[in-house]
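Novice: Following this line is run_5.txt, made up of compact mmCIF, C-alpha atoms:
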```
# COMPACT_ATOMS: atom_id res chain seq x y z
CA MET I 1 48.09 -32.81 34.28
CA ASN I 2 51.17 -34.84 35.22
CA GLY I 3 49.44 -36.15 38.33
CA ILE I 4 46.53 -37.44 36.24
CA LYS I 5 48.91 -39.03 33.75
CA LYS I 6 50.67 -40.82 36.58
CA ILE I 7 47.36 -42.08 38.01
CA LEU I 8 46.15 -43.34 34.63
CA TYR I 9 49.34 -45.26 33.93
CA GLU I 10 49.94 -46.60 37.44
CA TYR I 11 46.39 -47.84 38.06
CA TYR I 12 44.94 -48.43 34.58
CA GLU I 13 48.01 -48.80 32.31
CA ILE I 14 46.59 -46.05 30.10
CA GLU I 15 48.91 -43.62 28.34
CA PRO I 16 46.76 -40.64 27.30
CA PHE I 17 47.27 -38.63 24.12
CA THR I 18 45.22 -35.74 25.47
CA ILE I 19 43.54 -34.77 28.74
CA SER I 20 40.87 -32.09 28.54
CA GLN I 21 38.76 -30.73 31.38
CA GLN I 22 35.02 -31.08 30.96
CA GLN I 23 32.13 -29.39 32.70
CA GLY I 24 31.99 -31.14 36.04
CA GLY I 25 29.13 -31.66 38.42
CA TRP I 26 28.61 -30.53 41.99
CA ALA I 27 30.80 -33.24 43.52
CA ALA I 28 33.82 -33.61 41.26
CA LEU I 29 36.00 -32.27 38.50
CA ALA I 30 35.76 -34.11 35.16
CA TYR I 31 38.22 -34.88 32.38
CA LYS I 32 38.02 -36.49 28.96
CA ILE I 33 40.93 -38.84 28.38
CA VAL I 34 41.87 -39.69 24.78
CA ALA I 35 44.13 -42.73 24.48
CA GLU I 36 45.25 -44.80 21.50
CA ASN I 37 42.08 -46.78 20.87
CA GLU I 38 39.50 -45.40 23.29
CA CYS I 39 38.21 -42.40 25.22
CA PHE I 40 37.59 -42.35 28.95
CA PHE I 41 35.88 -40.11 31.48
CA LEU I 42 37.75 -39.40 34.71
CA LYS I 43 36.02 -38.03 37.81
CA VAL I 44 38.32 -36.30 40.27
CA TYR I 45 37.16 -35.72 43.85
CA GLU I 46 39.55 -33.15 45.31
CA LYS I 47 40.56 -33.86 48.90
CA SER I 48 40.89 -30.14 49.59
CA ARG I 49 37.10 -29.76 49.31
CA ARG I 50 35.24 -30.34 52.54
CA SER I 51 32.30 -32.00 50.75
CA THR I 52 34.49 -34.70 49.15
CA ALA I 53 34.31 -36.93 52.21
CA LYS I 54 30.53 -37.05 51.88
CA TRP I 55 30.53 -37.78 48.15
CA THR I 56 33.15 -40.55 48.37
CA ALA I 57 32.23 -42.22 51.68
CA LEU I 58 29.89 -44.78 50.08
CA ILE I 59 31.67 -45.47 46.78
CA ASN I 60 32.55 -49.05 47.76
CA GLN I 61 28.93 -49.62 48.79
CA TYR I 62 27.03 -48.10 45.85
CA MET I 63 29.41 -49.05 43.04
CA PRO I 64 28.79 -52.83 43.35
CA ILE I 65 25.06 -52.08 43.06
CA LEU I 66 25.55 -49.85 40.02
CA ASN I 67 27.80 -52.50 38.48
CA TRP I 68 25.12 -55.15 39.11
CA LEU I 69 22.46 -52.97 37.47
CA ALA I 70 24.70 -52.39 34.45
CA GLN I 71 25.03 -56.15 33.94
CA ASN I 72 21.70 -57.58 35.09
CA SER I 73 18.93 -55.06 34.47
CA GLY I 74 17.23 -53.16 31.69
CA LEU I 75 19.56 -50.26 32.53
CA GLN I 76 22.37 -51.91 30.60
CA GLY I 77 23.56 -49.34 28.07
CA ARG I 78 21.74 -46.58 29.97
CA ILE I 79 24.21 -45.93 32.77
CA PRO I 80 27.98 -45.30 32.82
CA GLU I 81 30.37 -48.24 32.67
CA LEU I 82 32.97 -48.07 35.43
CA LEU I 83 36.49 -49.36 34.79
CA PHE I 84 38.27 -51.17 37.59
CA THR I 85 41.89 -50.47 38.42
CA LYS I 86 44.38 -53.18 37.53
CA GLN I 87 44.32 -54.01 41.26
CA GLY I 88 40.56 -54.69 40.95
CA ALA I 89 39.41 -51.63 42.91
CA PHE I 90 36.63 -49.16 42.10
CA THR I 91 38.81 -46.16 42.88
CA CYS I 92 42.38 -45.03 43.24
CA GLU I 93 43.81 -42.02 44.99
CA ASP I 94 46.84 -39.88 45.69
CA ASP I 95 47.49 -37.01 48.09
CA HIS I 96 45.42 -34.68 45.90
CA ALA I 97 42.25 -36.58 45.02
CA ILE I 98 40.18 -39.74 44.69
CA TYR I 99 39.62 -40.94 41.12
CA LEU I 100 36.91 -42.88 39.28
CA LEU I 101 37.36 -43.88 35.62
CA TYR I 102 34.51 -44.64 33.19
CA ARG I 103 34.22 -45.40 29.52
CA TYR I 104 33.46 -42.14 27.75
CA ILE I 105 29.87 -41.57 26.63
CA ASP I 106 30.08 -39.70 23.35
CA GLY I 107 27.06 -37.45 23.44
CA THR I 108 25.55 -34.18 24.58
CA THR I 109 24.40 -33.25 28.06
CA VAL I 110 20.72 -32.30 27.93
CA GLY I 111 21.30 -29.45 30.40
CA LYS I 112 19.16 -26.42 29.64
CA SER I 113 17.49 -28.06 26.64
CA THR I 114 13.95 -29.40 26.81
CA LEU I 115 13.54 -33.15 26.54
CA SER I 116 11.97 -34.35 23.32
CA GLU I 117 8.93 -36.66 23.41
CA GLU I 118 11.25 -39.62 22.82
CA GLN I 119 13.61 -38.54 25.59
CA VAL I 120 10.75 -38.08 28.07
CA GLU I 121 9.68 -41.63 27.30
CA GLU I 122 13.24 -42.89 27.76
CA LEU I 123 13.60 -41.11 31.11
CA ALA I 124 10.32 -42.61 32.33
CA VAL I 125 11.41 -46.09 31.24
CA ILE I 126 14.79 -45.69 32.98
CA LEU I 127 13.08 -44.56 36.18
CA ALA I 128 10.50 -47.34 36.08
CA GLU I 129 13.24 -49.94 35.55
CA LEU I 130 15.38 -48.57 38.39
CA HIS I 131 12.42 -48.61 40.77
CA SER I 132 11.79 -52.27 39.95
CA TYR I 133 14.72 -53.23 42.18
CA GLY I 134 15.06 -53.10 45.93
CA GLU I 135 16.82 -54.87 48.77
CA GLU I 136 16.16 -58.26 47.15
CA ILE I 137 19.03 -57.81 44.67
CA PRO I 138 22.06 -60.07 45.38
CA VAL I 139 24.24 -57.13 46.44
CA PRO I 140 24.25 -55.64 49.96
CA THR I 141 22.14 -52.48 50.22
CA ASP I 142 22.12 -51.80 53.98
CA ALA I 143 24.78 -49.08 53.72
CA ILE I 144 22.68 -47.03 51.30
CA ARG I 145 19.31 -47.59 52.98
CA GLU I 146 17.38 -44.41 53.77
CA ASP I 147 17.17 -43.62 57.47
CA PHE I 148 15.72 -40.10 57.07
CA SER I 149 18.71 -38.58 58.83
CA ILE I 150 19.73 -34.95 58.30
CA PRO I 151 23.47 -35.11 59.07
CA PHE I 152 24.23 -31.52 58.08
CA LEU I 153 21.54 -29.96 60.28
CA PRO I 154 23.75 -29.57 63.39
CA HIS I 155 26.20 -27.62 61.21
CA LEU I 156 23.44 -25.35 59.94
CA SER I 157 22.16 -24.85 63.49
CA TYR I 158 25.67 -23.87 64.59
CA ILE I 159 25.91 -21.36 61.72
CA TRP I 160 22.78 -19.45 62.76
CA GLY I 161 23.53 -19.92 66.47
CA GLU I 162 26.89 -19.96 68.17
CA GLY I 163 28.82 -19.51 64.93
CA TRP I 164 26.80 -16.57 63.57
CA ASN I 165 29.19 -13.81 64.63
CA THR I 166 32.19 -15.70 63.25
CA LEU I 167 30.79 -15.64 59.70
CA PRO I 168 32.08 -13.13 57.16
CA THR I 169 29.73 -10.17 56.77
CA SER I 170 28.92 -11.14 53.17
CA ILE I 171 27.54 -14.53 54.26
CA ARG I 172 25.54 -13.10 57.16
CA SER I 173 24.00 -10.40 54.99
CA THR I 174 23.00 -13.03 52.43
CA ILE I 175 21.41 -15.40 54.97
CA SER I 176 19.91 -12.85 57.37
CA PRO I 177 16.71 -11.97 55.39
CA TYR I 178 15.83 -15.65 55.19
CA LEU I 179 16.85 -16.80 58.65
CA VAL I 180 13.30 -17.20 60.02
CA HIS I 181 12.25 -19.34 57.05
CA LEU I 182 15.49 -21.31 57.22
CA LYS I 183 14.76 -22.26 60.84
CA GLN I 184 11.13 -22.99 60.00
CA LEU I 185 12.08 -25.31 57.15
CA SER I 186 14.60 -27.09 59.37
CA ASN I 187 11.94 -27.73 62.02
CA THR I 188 9.49 -28.96 59.38
CA VAL I 189 11.99 -31.38 57.88
CA GLU I 190 12.96 -32.70 61.31
CA SER I 191 9.30 -33.35 62.16
CA LEU I 192 8.68 -35.10 58.84
CA ALA I 193 11.79 -37.26 59.31
CA GLN I 194 10.52 -38.44 62.70
CA GLU I 195 7.12 -39.26 61.20
CA LEU I 196 8.56 -41.14 58.21
CA ARG I 197 10.83 -43.29 60.38
CA GLY I 198 7.65 -44.75 61.86
CA ASN I 199 6.04 -45.46 58.50
CA ASP I 200 6.39 -48.68 56.55
CA LEU I 201 7.35 -47.16 53.20
CA ARG I 202 8.41 -49.37 50.31
CA MET I 203 12.11 -48.94 49.54
CA VAL I 204 13.52 -49.19 46.02
CA LEU I 205 16.75 -48.14 44.33
CA CYS I 206 16.68 -44.40 43.61
CA HIS I 207 19.11 -42.11 41.81
CA THR I 208 18.06 -39.11 44.00
CA ASP I 209 19.47 -36.44 41.66
CA LEU I 210 17.30 -36.54 38.55
CA HIS I 211 17.74 -33.43 36.40
CA ASN I 212 18.71 -32.64 32.83
CA TRP I 213 22.37 -32.00 33.66
CA ASN I 214 22.63 -35.68 34.63
CA LEU I 215 21.22 -36.85 31.30
CA ILE I 216 23.35 -37.42 28.20
CA ASP I 217 21.92 -38.00 24.74
CA SER I 218 24.20 -40.26 22.71
CA CYS I 219 23.03 -40.92 19.17
CA GLY I 220 19.39 -40.83 20.25
CA ARG I 221 19.96 -42.93 23.36
CA LEU I 222 19.55 -41.41 26.83
CA TYR I 223 22.07 -42.11 29.61
CA LEU I 224 21.60 -41.31 33.31
CA ILE I 225 24.91 -40.33 34.94
CA ASP I 226 26.31 -39.18 38.32
CA TRP I 227 25.20 -41.91 40.70
CA GLU I 228 26.83 -40.68 43.91
CA GLY I 229 23.38 -40.34 45.46
CA LEU I 230 22.22 -43.92 44.75
CA ARG I 231 20.08 -44.96 47.71
CA LEU I 232 17.52 -47.53 48.77
CA SER I 233 14.66 -45.11 49.38
CA PRO I 234 10.96 -44.44 48.90
CA ILE I 235 10.18 -43.40 45.31
CA GLU I 236 9.65 -39.81 46.45
CA ALA I 237 13.45 -39.49 46.65
CA ASP I 238 13.38 -39.42 42.84
CA PHE I 239 9.99 -37.89 42.21
CA MET I 240 10.91 -34.80 44.25
CA SER I 241 12.92 -33.70 41.19
CA LEU I 242 10.12 -34.39 38.72
CA VAL I 243 6.81 -33.18 40.14
CA ASP I 244 7.32 -29.56 39.08
CA ARG I 245 8.48 -30.36 35.56
CA SER I 246 6.28 -29.50 32.59
CA ASP I 247 6.65 -33.08 31.31
CA TYR I 248 5.71 -34.68 34.66
CA SER I 249 2.33 -36.03 33.51
CA LYS I 250 3.96 -37.67 30.49
CA ILE I 251 6.60 -39.30 32.69
CA VAL I 252 3.93 -40.61 35.08
CA LYS I 253 1.79 -42.02 32.24
CA ILE I 254 4.68 -44.17 31.03
CA TYR I 255 5.93 -44.98 34.55
CA GLU I 256 2.46 -46.31 35.48
CA GLN I 257 2.65 -48.91 32.75
CA THR I 258 5.26 -50.68 34.91
CA HIS I 259 4.12 -49.57 38.37
CA ILE I 260 0.34 -49.83 38.15
CA ASN I 261 -0.45 -48.82 41.74
CA PHE I 262 1.86 -45.84 41.70
CA SER I 263 1.05 -42.99 44.10
CA ILE I 264 2.99 -40.20 45.79
CA GLN I 265 3.11 -40.04 49.60
CA ARG I 266 2.76 -36.30 50.21
CA ASN I 267 4.77 -36.03 53.43
CA ALA I 268 7.61 -38.13 52.01
CA LEU I 269 7.73 -35.85 48.99
CA LYS I 270 7.75 -32.76 51.21
CA PHE I 271 10.54 -34.26 53.33
CA TYR I 272 12.79 -34.95 50.34
CA GLN I 273 12.19 -31.54 48.79
CA GLY I 274 12.88 -29.81 52.09
CA ARG I 275 15.94 -31.85 52.97
CA ARG I 276 17.43 -31.31 49.52
CA LYS I 277 16.86 -27.57 49.77
CA LEU I 278 18.56 -27.42 53.18
CA GLU I 279 21.40 -29.62 51.95
CA ASP I 280 22.01 -27.37 48.93
CA ILE I 281 22.00 -24.29 51.17
CA TRP I 282 24.47 -25.97 53.51
CA GLU I 283 26.72 -27.00 50.59
CA PHE I 284 27.10 -23.38 49.48
CA ILE I 285 27.70 -22.14 53.03
CA GLU I 286 30.25 -24.91 53.52
CA GLN I 287 32.10 -23.90 50.36
CA LEU I 288 32.20 -20.26 51.45
CA VAL I 289 33.35 -21.00 54.99
CA TYR I 290 35.74 -23.92 54.54
CA ASP I 291 36.89 -24.25 50.91
CA GLN I 292 39.61 -22.15 49.34
CA GLN I 293 37.86 -20.03 46.72
CA THR I 294 38.95 -17.11 44.60
CA GLU I 295 37.06 -13.84 44.99
CA GLU I 296 35.26 -14.56 41.73
CA GLN I 297 34.23 -18.01 42.97
CA LYS I 298 33.00 -16.53 46.25
CA VAL I 299 30.80 -14.04 44.42
CA LYS I 300 29.28 -16.81 42.29
CA THR I 301 28.73 -19.02 45.34
CA LEU I 302 27.01 -16.19 47.21
CA ILE I 303 24.68 -15.66 44.25
CA LEU I 304 23.83 -19.38 44.15
CA LEU I 305 23.27 -19.39 47.92
CA SER I 306 20.92 -16.42 47.61
CA GLU I 307 18.95 -18.18 44.87
CA GLU I 308 18.53 -21.30 47.00
CA LEU I 309 17.38 -19.24 49.98
CA GLU I 310 14.84 -17.40 47.82
CA GLU I 311 13.31 -20.71 46.74
CA MET I 312 12.70 -21.96 50.30
CA ASP I 313 9.10 -20.72 50.29
CA HIS I 314 8.21 -23.44 47.79
CA CYS I 315 9.24 -26.10 50.31
CA LEU I 316 7.17 -24.45 53.05
CA ASP I 317 3.97 -24.30 51.02
CA ASP I 318 1.18 -26.61 52.15
```
Kindly return the structure encoded in the file as structure tokens.
Specialist:
Amino acid sequence: MNGIKKILYEYYEIEPFTISQQQGGWAALAYKIVAENECFFLKVYEKSRRSTAKWTALINQYMPILNWLAQNSGLQGRIPELLFTKQGAFTCEDDHAIYLLYRYIDGTTVGKSTLSEEQVEELAVILAELHSYGEEIPVPTDAIREDFSIPFLPHLSYIWGEGWNTLPTSIRSTISPYLVHLKQLSNTVESLAQELRGNDLRMVLCHTDLHNWNLIDSCGRLYLIDWEGLRLSPIEADFMSLVDRSDYSKIVKIYEQTHINFSIQRNALKFYQGRRKLEDIWEFIEQLVYDQQTEEQKVKTLILLSEELEEMDHCLDD
């Protein structure tokens, strides 16, 4: 923890009483920092992880937008509050990691729990408010604009092609039963991407990772966290995570009060669901091939990879 203490003091002039690791997300480790008069939440993106470059590449582009939303929209008090370094930067870093510091949200992650009626309404209101903003906001959005690219697909193609025999047996045996469907889904997503690039779809700000693990209930108030995926995208980039939920119709009913002409573009939805599935599969393969994992971590990652592969059929359904 000495490295974290040094970062906190050098860049934020914070001297912590305690530093405790929290349950982190996909992209980063997380720590609760207790100081003299306040608590903070520190996200740590380890440089040793291959995926860190992807998760941190656009921080300086999406953070100004998130900061603008926190100050100028109905999302104030619904999204995390980032703290700048004393040098005025969004992040700081050392040889080990890149760091983001937020004010701590004292609450409970929804996680495996079912949203209450009130929380469903809050989620719908948050989503409707977020989708009320697009490229007209006074902050540059070009860097986060959707281009329907699939940057990881060449890596996946290499894995099942030229790189197949270089994979450990455990990875090959996990992927092999699903290889035909994996290629089929890749072709489908590529075709949909080409089609969508030619369509004139309305672009709005989207979170792109809406699920209960990114929702915190704090004294009856719902917060949406983990904004690494903030993009200027068609609304399907968010609705891909909602359409199969049991509370979907309730969310839509409230959402439509703000967006009267709301409708889902089927091929856009299919694209986002398929691309996300392929991206998740690639993330697990990437961890197994390139990251340093313990044997226990490898076993868990293989199980997660297998689960993602098993769910591909849903993305291939008409």
Novice: Of the residues I:Glu36, I:Ala124, I:Gly107, I:Tyr12, which is the one nearest to Lys86 of chain I, using all atoms listed in the file?
Specialist: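 Going through I:Glu36, I:Ala124, I:Gly107, I:Tyr12 one by one, the smallest distance to Lys86 of chain I is for I:Tyr12.
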Novice: Given all atoms listed in the file as the basis, pick out the residue of I:His96, I:Lys270, I:Arg103, I:His131 nearest to Arg49 of chain I.
Specialist: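 Using all atoms listed in the file, Arg49 of chain I sits closest to I:His96.
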Novice: Which residues, written as a PyMOL selection string, have at least one atom at most 12 Å from Ile175 of chain I, with all atoms listed in the file counted and residues fewer than 5 positions away on the same chain left out?
Specialist: chain I and resi 156+159-160+164+167-170+180-183+281-282+284-285+302-310+312
Novice: Got a sec: who's within 9 Å of segment 67-82 of chain I, counting only C-alpha atoms, leaving out chain neighbours fewer than 2 positions off, as a list in words?
Specialist: Tyr62, Met63, Pro64, Ile65, Phe84, Phe90, Leu100, Leu101, Tyr102, Arg103, Tyr104, Ile105, Ile126, Glu129, Leu130, Tyr133, Ile137, Pro138, Val139, Arg221, Leu222, Tyr223, Leu224, Ile225, Asp226 and Trp227 of chain I
Novice: Can you measure atom CA of Ile19 of chain I to atom CA of Asn214 of chain I for me? One decimal in Å is fine.
Specialist: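 Atom-to-atom, atom CA of Ile19 of chain I and atom CA of Asn214 of chain I are spaced 21.7 Å apart.
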Novice: For atom CA of Val204 of chain I and atom CA of Phe271 of chain I, quote the distance in Å rounded to one decimal.
Specialist: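 Straight-line distance from atom CA of Val204 of chain I to atom CA of Phe271 of chain I works out to 16.9 Å.
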Novice: Could you jot down the atom CA of Asn2 of chain I to atom CA of Asp94 of chain I separation for me, Å, one decimal place?
Specialist: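 Between these atoms lies a distance of 12.4 Å.
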Novice: Excluding same-chain residues fewer than 3 positions from Ala27 of chain I, what lies within 9 Å of it counting only C-alpha atoms, as a list in words?
Specialist: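 Neighbouring residues, sequence-local ones excluded: Gly24, Val44, Tyr45, Glu46, Ser51, Thr52, Trp55 and Glu228 of chain I.
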Novice: List the neighbours of segment 248-255 of chain I out to 8 Å using only C-alpha atoms; skip same-chain residues closer than 6 positions along the sequence, and give me the result as a list in words.
Specialist: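 The neighbour list is Val120, Glu121, Leu123, Ala124, Val125, Leu127, Ala128 and Leu242 of chain I.
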Novice: Include C-alpha atoms and write out the residues we just selected as a PDB file, in the coordinates of the input.
Specialist:
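Now in part.pdb:
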```pdb
ATOM      1  CA  VAL I 120      10.750 -38.080  28.070  1.00  0.00           C
ATOM      2  CA  GLU I 121       9.680 -41.630  27.300  1.00  0.00           C
ATOM      3  CA  LEU I 123      13.600 -41.110  31.110  1.00  0.00           C
ATOM      4  CA  ALA I 124      10.320 -42.610  32.330  1.00  0.00           C
ATOM      5  CA  VAL I 125      11.410 -46.090  31.240  1.00  0.00           C
ATOM      6  CA  LEU I 127      13.080 -44.560  36.180  1.00  0.00           C
ATOM      7  CA  ALA I 128      10.500 -47.340  36.080  1.00  0.00           C
ATOM      8  CA  LEU I 242      10.120 -34.390  38.720  1.00  0.00           C
TER       9      LEU I 242
END
```
Novice: Identify, on the basis of only C-alpha atoms, every residue whose closest approach to Val243 of chain I does not exceed 12 Å; exclude the query and any residue fewer than 2 positions from it along the same chain; express the result as a list of chain:residue names.
Specialist: I:Leu210, I:His211, I:Ile235, I:Glu236, I:Ala237, I:Asp238, I:Phe239, I:Met240, I:Ser241, I:Arg245, I:Ser246, I:Asp247, I:Tyr248, I:Ser249, I:Lys250, I:Ile251, I:Val252, I:Ile264, I:Arg266, I:Leu269, I:Lys270, I:Tyr272, I:Gln273
Novice: Which is closer to Asp95 of chain I than all the others in I:Gln184, I:Ser48, I:Gln287, I:Gln293, using only C-alpha atoms?
Specialist: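 Ranking I:Gln184, I:Ser48, I:Gln287, I:Gln293 by distance to Asp95 of chain I, first place goes to I:Ser48.
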Novice: Which segment 223-294 of chain I residues have any atom within 7 Å of an atom of segment 189-195 of chain I, and for each, what is the nearest pair of atoms with distance in Å to one decimal, counting all atoms listed in the file, rows sorted by chain and number, as a Markdown table?
Specialist:
```
| residue | atom | partner | partner_atom | distance |
| --- | --- | --- | --- | --- |
| I:Asn267 | CA | I:Leu192 | CA | 6.7 |
| I:Phe271 | CA | I:Val189 | CA | 5.6 |
| I:Gly274 | CA | I:Val189 | CA | 6.1 |
| I:Arg275 | CA | I:Val189 | CA | 6.3 |
```
Novice: Name the closest residue to Lys32 of chain I among the candidates I:Tyr11, I:Ala53, I:Leu215, I:Ile4; distances are taken between atoms, counting all atoms listed in the file.
Specialist: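 Result for the nearest residue to Lys32 of chain I: I:Ile4.
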